[in-house]
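> Following this line is final_21.pdb, made up of PDB, C-alpha atoms:
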MODEL        1
ATOM      1  CA  LEU A   4      -8.867 -14.634  20.546
ATOM      2  CA  ASN A   5      -6.058 -15.387  22.988
ATOM      3  CA  ALA A   6      -7.583 -13.148  25.648
ATOM      4  CA  LEU A   7     -10.874 -15.025  25.267
ATOM      5  CA  LEU A   8      -9.038 -18.368  25.435
ATOM      6  CA  TYR A   9      -7.343 -17.176  28.639
ATOM      7  CA  HIS A  10     -10.778 -16.440  30.077
ATOM      8  CA  LEU A  11     -12.052 -19.861  29.007
ATOM      9  CA  GLU A  12      -9.077 -21.580  30.637
ATOM     10  CA  MET A  13      -9.687 -19.670  33.872
ATOM     11  CA  THR A  14     -13.370 -20.588  33.707
ATOM     12  CA  LEU A  15     -12.495 -24.269  33.248
ATOM     13  CA  SER A  16     -10.076 -24.068  36.164
ATOM     14  CA  ASN A  17     -12.715 -22.513  38.433
ATOM     15  CA  ALA A  18     -15.358 -25.009  37.303
ATOM     16  CA  SER A  19     -12.955 -27.871  38.007
ATOM     17  CA  LEU A  20     -12.470 -26.581  41.546
ATOM     18  CA  LEU A  21     -16.228 -26.672  42.066
ATOM     19  CA  THR A  22     -16.167 -30.410  41.399
ATOM     20  CA  ASP A  23     -13.006 -30.943  43.491
ATOM     21  CA  ASN A  24     -11.027 -31.872  40.394
ATOM     22  CA  HIS A  25      -7.814 -30.216  41.513
ATOM     23  CA  ASP A  26      -5.702 -31.792  38.774
ATOM     24  CA  ALA A  27      -7.878 -30.269  36.056
ATOM     25  CA  ALA A  28      -8.049 -26.953  37.926
ATOM     26  CA  SER A  29      -4.261 -26.832  38.114
ATOM     27  CA  TYR A  30      -3.893 -27.845  34.469
ATOM     28  CA  TYR A  31      -6.192 -25.088  33.210
ATOM     29  CA  SER A  32      -4.852 -22.392  35.533
ATOM     30  CA  GLN A  33      -1.290 -23.179  34.406
ATOM     31  CA  ARG A  34      -2.362 -22.980  30.764
ATOM     32  CA  ALA A  35      -4.086 -19.657  31.458
ATOM     33  CA  GLU A  36      -1.005 -18.258  33.180
ATOM     34  CA  ARG A  37       1.250 -19.321  30.283
ATOM     35  CA  ARG A  38      -1.195 -17.754  27.817
ATOM     36  CA  LYS A  39      -1.314 -14.526  29.840
ATOM     37  CA  GLN A  40       2.475 -14.308  29.797
ATOM     38  CA  ALA A  41       2.557 -15.026  26.059
ATOM     39  CA  ILE A  42      -0.074 -12.356  25.366
ATOM     40  CA  ASN A  43       1.946  -9.747  27.219
ATOM     41  CA  LEU A  44       5.166 -10.867  25.547
ATOM     42  CA  TYR A  45       4.166 -11.585  21.933
ATOM     43  CA  LEU A  46       1.050  -9.479  21.400
ATOM     44  CA  TRP A  47       2.250  -6.256  23.018
ATOM     45  CA  ASN A  48       3.588  -3.631  20.607
ATOM     46  CA  ASP A  49       5.931  -1.680  22.865
ATOM     47  CA  GLU A  50       6.851   0.836  20.195
ATOM     48  CA  GLN A  51       3.220   1.735  19.435
ATOM     49  CA  GLY A  52       1.761   1.140  22.918
ATOM     50  CA  TYR A  53      -1.037  -1.321  22.166
ATOM     51  CA  TYR A  54      -1.855  -5.018  21.828
ATOM     52  CA  GLY A  55      -1.904  -6.401  18.311
ATOM     53  CA  ASP A  56      -1.984  -9.561  16.241
ATOM     54  CA  TYR A  57       1.045 -11.798  15.861
ATOM     55  CA  ASP A  58       1.675 -13.226  12.407
ATOM     56  CA  TRP A  59       2.999 -16.659  13.316
ATOM     57  CA  GLN A  60       4.004 -17.454   9.744
ATOM     58  CA  GLN A  61       6.142 -14.329   9.375
ATOM     59  CA  LYS A  62       7.065 -14.385  13.099
ATOM     60  CA  VAL A  63       6.281 -10.708  13.457
ATOM     61  CA  LEU A  64       3.781  -8.553  15.323
ATOM     62  CA  ARG A  65       1.442  -6.917  12.827
ATOM     63  CA  ASP A  66       1.366  -3.139  12.906
ATOM     64  CA  GLN A  67      -2.419  -2.786  12.526
ATOM     65  CA  LEU A  68      -4.326  -1.063  15.328
ATOM     66  CA  THR A  69      -7.802  -2.470  15.965
ATOM     67  CA  GLY A  70     -10.362  -2.114  18.705
ATOM     68  CA  ALA A  71      -9.486  -5.658  19.768
ATOM     69  CA  THR A  72      -6.531  -4.068  21.562
ATOM     70  CA  VAL A  73      -8.829  -3.610  24.584
ATOM     71  CA  PHE A  74      -9.547  -7.335  25.107
ATOM     72  CA  PRO A  75      -6.574  -7.955  27.445
ATOM     73  CA  LEU A  76      -7.915  -5.107  29.595
ATOM     74  CA  TYR A  77     -11.470  -6.415  29.383
ATOM     75  CA  LEU A  78     -10.333  -9.756  30.792
ATOM     76  CA  ASN A  79      -8.011  -8.181  33.388
ATOM     77  CA  LEU A  80      -4.812  -9.756  32.128
ATOM     78  CA  ALA A  81      -2.874  -6.618  31.180
ATOM     79  CA  PRO A  82      -0.326  -5.163  33.597
ATOM     80  CA  VAL A  83      -1.371  -1.681  34.740
ATOM     81  CA  ASP A  84       1.376   0.120  32.819
ATOM     82  CA  LEU A  85       0.407  -1.592  29.560
ATOM     83  CA  ALA A  86      -3.274  -0.917  30.214
ATOM     84  CA  ASP A  87      -2.505   2.769  30.738
ATOM     85  CA  ARG A  88      -0.587   2.943  27.480
ATOM     86  CA  THR A  89      -3.388   1.125  25.665
ATOM     87  CA  ALA A  90      -5.912   3.613  27.049
ATOM     88  CA  ARG A  91      -3.799   6.482  25.739
ATOM     89  CA  VAL A  92      -3.760   4.958  22.219
ATOM     90  CA  VAL A  93      -7.515   4.328  22.371
ATOM     91  CA  ARG A  94      -8.087   7.989  23.239
ATOM     92  CA  GLU A  95      -5.670   9.310  20.615
ATOM     93  CA  ARG A  96      -6.353   6.975  17.684
ATOM     94  CA  LEU A  97      -9.590   4.995  18.113
ATOM     95  CA  LEU A  98     -11.967   7.424  19.831
ATOM     96  CA  LYS A  99     -14.055   9.234  17.225
ATOM     97  CA  GLN A 100     -17.109  11.515  17.205
ATOM     98  CA  GLY A 101     -19.610   8.647  17.352
ATOM     99  CA  GLY A 102     -17.756   6.151  19.568
ATOM    100  CA  MET A 103     -14.763   3.877  19.167
ATOM    101  CA  ILE A 104     -13.769   2.905  15.647
ATOM    102  CA  THR A 105     -13.229  -0.789  14.898
ATOM    103  CA  THR A 106      -9.915  -0.376  13.058
ATOM    104  CA  THR A 107      -7.832   2.431  11.630
ATOM    105  CA  ASN A 108      -7.959   0.698   8.235
ATOM    106  CA  VAL A 109     -10.302   2.112   5.580
ATOM    107  CA  SER A 110     -11.129  -0.780   3.270
ATOM    108  CA  GLY A 111     -14.827  -0.402   2.462
ATOM    109  CA  GLN A 112     -15.498  -3.565   4.478
ATOM    110  CA  GLN A 113     -17.918  -3.577   7.400
ATOM    111  CA  TRP A 114     -15.297  -4.514  10.023
ATOM    112  CA  ASP A 115     -13.088  -1.511   9.225
ATOM    113  CA  ALA A 116     -13.277   2.269   9.449
ATOM    114  CA  PRO A 117     -15.496   4.213   9.581
ATOM    115  CA  ASN A 118     -17.670   1.640  11.381
ATOM    116  CA  GLY A 119     -18.063   0.929  15.080
ATOM    117  CA  TRP A 120     -19.902  -2.079  16.506
ATOM    118  CA  ALA A 121     -21.927  -2.072  19.710
ATOM    119  CA  PRO A 122     -20.245  -5.127  21.314
ATOM    120  CA  LEU A 123     -16.812  -3.552  20.883
ATOM    121  CA  GLN A 124     -18.048  -0.323  22.488
ATOM    122  CA  TRP A 125     -19.177  -2.357  25.507
ATOM    123  CA  VAL A 126     -15.895  -4.284  25.715
ATOM    124  CA  ALA A 127     -13.935  -1.019  25.561
ATOM    125  CA  VAL A 128     -16.048   0.653  28.231
ATOM    126  CA  GLU A 129     -15.731  -2.301  30.621
ATOM    127  CA  ALA A 130     -12.028  -2.752  29.814
ATOM    128  CA  LEU A 131     -11.213   0.856  30.599
ATOM    129  CA  ARG A 132     -13.309   0.837  33.764
ATOM    130  CA  ASN A 133     -11.389  -2.250  34.938
ATOM    131  CA  TYR A 134      -8.223  -0.141  34.993
ATOM    132  CA  GLY A 135      -9.670   3.084  36.379
ATOM    133  CA  HIS A 136      -9.989   4.984  33.079
ATOM    134  CA  HIS A 137     -13.566   5.961  33.880
ATOM    135  CA  ASP A 138     -13.453   9.267  32.002
ATOM    136  CA  LEU A 139     -12.431   7.621  28.738
ATOM    137  CA  ALA A 140     -14.954   4.817  29.244
ATOM    138  CA  GLN A 141     -17.701   7.388  29.756
ATOM    139  CA  GLU A 142     -16.566   9.332  26.707
ATOM    140  CA  ILE A 143     -16.824   6.255  24.482
ATOM    141  CA  ALA A 144     -20.216   5.330  25.946
ATOM    142  CA  THR A 145     -21.617   8.846  25.636
ATOM    143  CA  ARG A 146     -20.431   9.368  22.076
ATOM    144  CA  PHE A 147     -21.820   6.012  20.985
ATOM    145  CA  LEU A 148     -25.157   6.607  22.708
ATOM    146  CA  ILE A 149     -25.494  10.033  21.078
ATOM    147  CA  ASN A 150     -24.831   8.370  17.715
ATOM    148  CA  VAL A 151     -27.448   5.672  18.400
ATOM    149  CA  GLN A 152     -29.932   8.306  19.571
ATOM    150  CA  ARG A 153     -29.342  10.475  16.492
ATOM    151  CA  LEU A 154     -30.166   7.603  14.129
ATOM    152  CA  TYR A 155     -33.123   6.565  16.286
ATOM    153  CA  ASN A 156     -34.513  10.118  16.215
ATOM    154  CA  ASN A 157     -34.254  10.201  12.414
ATOM    155  CA  GLN A 158     -35.259   6.631  11.490
ATOM    156  CA  HIS A 159     -36.963   5.232  14.634
ATOM    157  CA  LYS A 160     -34.759   2.144  14.820
ATOM    158  CA  LEU A 161     -31.483   0.773  16.089
ATOM    159  CA  VAL A 162     -29.105  -0.911  13.638
ATOM    160  CA  GLU A 163     -26.355  -3.502  13.540
ATOM    161  CA  LYS A 164     -23.382  -1.130  13.170
ATOM    162  CA  TYR A 165     -22.749   2.598  13.105
ATOM    163  CA  VAL A 166     -20.463   5.032  11.321
ATOM    164  CA  VAL A 167     -18.491   6.596  14.158
ATOM    165  CA  GLU A 168     -16.233   9.038  12.321
ATOM    166  CA  GLY A 169     -16.583  11.709   9.691
ATOM    167  CA  SER A 170     -19.600  13.669   8.599
ATOM    168  CA  GLY A 171     -21.837  10.670   7.921
ATOM    169  CA  LEU A 172     -22.523   9.505  11.490
ATOM    170  CA  GLY A 173     -25.392   7.038  11.685
ATOM    171  CA  GLY A 174     -25.933   3.607  10.184
ATOM    172  CA  GLY A 175     -22.774   1.789   9.099
ATOM    173  CA  GLY A 176     -22.030   0.235   5.770
ATOM    174  CA  GLY A 177     -19.713  -1.984   3.787
ATOM    175  CA  GLY A 178     -19.532  -5.721   3.621
ATOM    176  CA  GLU A 179     -21.510  -8.284   1.718
ATOM    177  CA  TYR A 180     -25.057  -7.558   2.919
ATOM    178  CA  PRO A 181     -27.236  -4.513   3.684
ATOM    179  CA  LEU A 182     -27.318  -2.861   7.090
ATOM    180  CA  GLN A 183     -29.494  -4.854   9.485
ATOM    181  CA  ASP A 184     -32.221  -3.203  11.587
ATOM    182  CA  GLY A 185     -32.993  -3.756  15.257
ATOM    183  CA  PHE A 186     -29.957  -5.829  16.001
ATOM    184  CA  GLY A 187     -29.916  -7.586  19.377
ATOM    185  CA  TRP A 188     -26.411  -6.650  20.393
ATOM    186  CA  THR A 189     -27.020  -2.972  19.699
ATOM    187  CA  ASN A 190     -30.224  -3.135  21.751
ATOM    188  CA  GLY A 191     -28.465  -4.868  24.648
ATOM    189  CA  VAL A 192     -25.370  -2.682  24.651
ATOM    190  CA  THR A 193     -27.481   0.474  24.416
ATOM    191  CA  LEU A 194     -29.481  -0.599  27.475
ATOM    192  CA  LYS A 195     -26.327  -1.462  29.426
ATOM    193  CA  LEU A 196     -24.627   1.826  28.533
ATOM    194  CA  LEU A 197     -27.756   3.739  29.527
ATOM    195  CA  GLU A 198     -27.692   1.933  32.899
ATOM    196  CA  LEU A 199     -24.131   3.146  33.440
TER
ENDMDL
END
Translate this structure into structure tokens?

Amino acid sequence: LNALLYHLEMTLSNASLLTDNHDAASYYSQRAERRKQAINLYLWNDEQGYYGDYDWQQKVLRDQLTGATVFPLYLNLAPVDLADRTARVVRERLLKQGGMITTTNVSGQQWDAPNGWAPLQWVAVEALRNYGHHDLAQEIATRFLINVQRLYNNQHKLVEKYVVEGSGLGGGGGGEYPLQDGFGWTNGVTLKLLEL
């Protein structure tokens, strides 16, 4: 969320410049810079080597690895050394047979293992490419595309989410509703990954 807010603040700053509103441009760029510094200070888990969530009530960085760790790289706000460490953790702990897993938590819910979501695959691929980790980006893209193709070959459709680890690669599960067919973000991400 904070990486996306950083991007929004930078967008507002740039838009303000287009209308010669230099006060607003300065205001938003300063907010973005403060947020960037805070992200790299409070959301970086130096011991584990990845970005995480800060529990503001407990005043502690949560020790839960999720695919969202790539968002600071996606929006180009991570220092190179932190991006390199994040890439290493992605390769070692999030990369699975069928793409990048959403979290390392197995809860039976749709946002956790063993599922992977197309938009997060795209964010990871772009994030890693931003920092020169082209081989890992290609590995994620290729594994996810093979998974999508396997399900398409068997069922002639694309779906909302995919199982990306274990023996049951294919359509994902969990959550409060059945797996959705033909989902727009899977279609779009598949096309973009094929273009790459």
> Quick one: apply the PyMOL selection byres ((chain A and resi 130-133) around 12) to the file and drop the selected residues here as a ChimeraX atom specification.
/A:70-83,85-94,123-129,134-144,199
> Take the selection from the previous step and output its residues with C-alpha atoms, as a compact mmCIF listing (two decimals), keeping the file's coordinate frame.

# COMPACT_ATOMS: atom_id res chain seq x y z
CA GLY A 70 -10.36 -2.11 18.70
CA ALA A 71 -9.49 -5.66 19.77
CA THR A 72 -6.53 -4.07 21.56
CA VAL A 73 -8.83 -3.61 24.58
CA PHE A 74 -9.55 -7.34 25.11
CA PRO A 75 -6.57 -7.96 27.44
CA LEU A 76 -7.92 -5.11 29.60
CA TYR A 77 -11.47 -6.42 29.38
CA LEU A 78 -10.33 -9.76 30.79
CA ASN A 79 -8.01 -8.18 33.39
CA LEU A 80 -4.81 -9.76 32.13
CA ALA A 81 -2.87 -6.62 31.18
CA PRO A 82 -0.33 -5.16 33.60
CA VAL A 83 -1.37 -1.68 34.74
CA LEU A 85 0.41 -1.59 29.56
CA ALA A 86 -3.27 -0.92 30.21
CA ASP A 87 -2.50 2.77 30.74
CA ARG A 88 -0.59 2.94 27.48
CA THR A 89 -3.39 1.12 25.66
CA ALA A 90 -5.91 3.61 27.05
CA ARG A 91 -3.80 6.48 25.74
CA VAL A 92 -3.76 4.96 22.22
CA VAL A 93 -7.52 4.33 22.37
CA ARG A 94 -8.09 7.99 23.24
CA LEU A 123 -16.81 -3.55 20.88
CA GLN A 124 -18.05 -0.32 22.49
CA TRP A 125 -19.18 -2.36 25.51
CA VAL A 126 -15.90 -4.28 25.72
CA ALA A 127 -13.94 -1.02 25.56
CA VAL A 128 -16.05 0.65 28.23
CA GLU A 129 -15.73 -2.30 30.62
CA TYR A 134 -8.22 -0.14 34.99
CA GLY A 135 -9.67 3.08 36.38
CA HIS A 136 -9.99 4.98 33.08
CA HIS A 137 -13.57 5.96 33.88
CA ASP A 138 -13.45 9.27 32.00
CA LEU A 139 -12.43 7.62 28.74
CA ALA A 140 -14.95 4.82 29.24
CA GLN A 141 -17.70 7.39 29.76
CA GLU A 142 -16.57 9.33 26.71
CA ILE A 143 -16.82 6.26 24.48
CA ALA A 144 -20.22 5.33 25.95
CA LEU A 199 -24.13 3.15 33.44
> Quick one: which residues end up in the PyMOL selection byres ((chain A and resi 42) around 12) for this structure, as a ChimeraX atom specification?
/A:4-9,35-41,43-48,53-57,64,72,74-76,78,80-82,85
> On this structure, which residues satisfy the PyMOL selection byres ((chain A and resi 167) around 10), written as a count of residues only?
29
> At a cut-off of 8 Å, using only C-alpha atoms, what residues contact Gly187 (chain A)? Leave out same-chain residues fewer than 3 positions from it and give the result as a list of chain:residue names.
A:Glu163, A:Asn190, A:Gly191
> Adding 8 Å on each side of the box along x, y and z that holds all listed atoms of region 96-114 of chain A, could you give its centre and edge lengths in Å to one decimal, as AutoDock Vina command-line options?

--center_x -13.0 --center_y 3.5 --center_z 11.1 --size_x 29.3 --size_y 32.0 --size_z 33.4
> Expressed in Å to a single decimal, how great is the separation between CA of Arg34 (chain A) and CA of Trp59 (chain A)?
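Here the two named atoms are 19.3 Å from each other.
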> Tell me which of A:Gly178, A:Gln33, A:Asn156, A:Thr145 sits closest to Trp114 (chain A), counting all atoms listed in the file.
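Of A:Gly178, A:Gln33, A:Asn156, A:Thr145, the one nearest Trp114 (chain A) is A:Gly178, counting all atoms listed in the file.
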> Please measure the separation of CA of Gln67 (chain A) and CA of Thr106 (chain A), giving the value in Å to one decimal.
7.9 Å
> Would you mind reading off the distance between CA of Asp66 (chain A) and CA of Leu182 (chain A), one decimal, in Å?
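The value is 29.3 Å.
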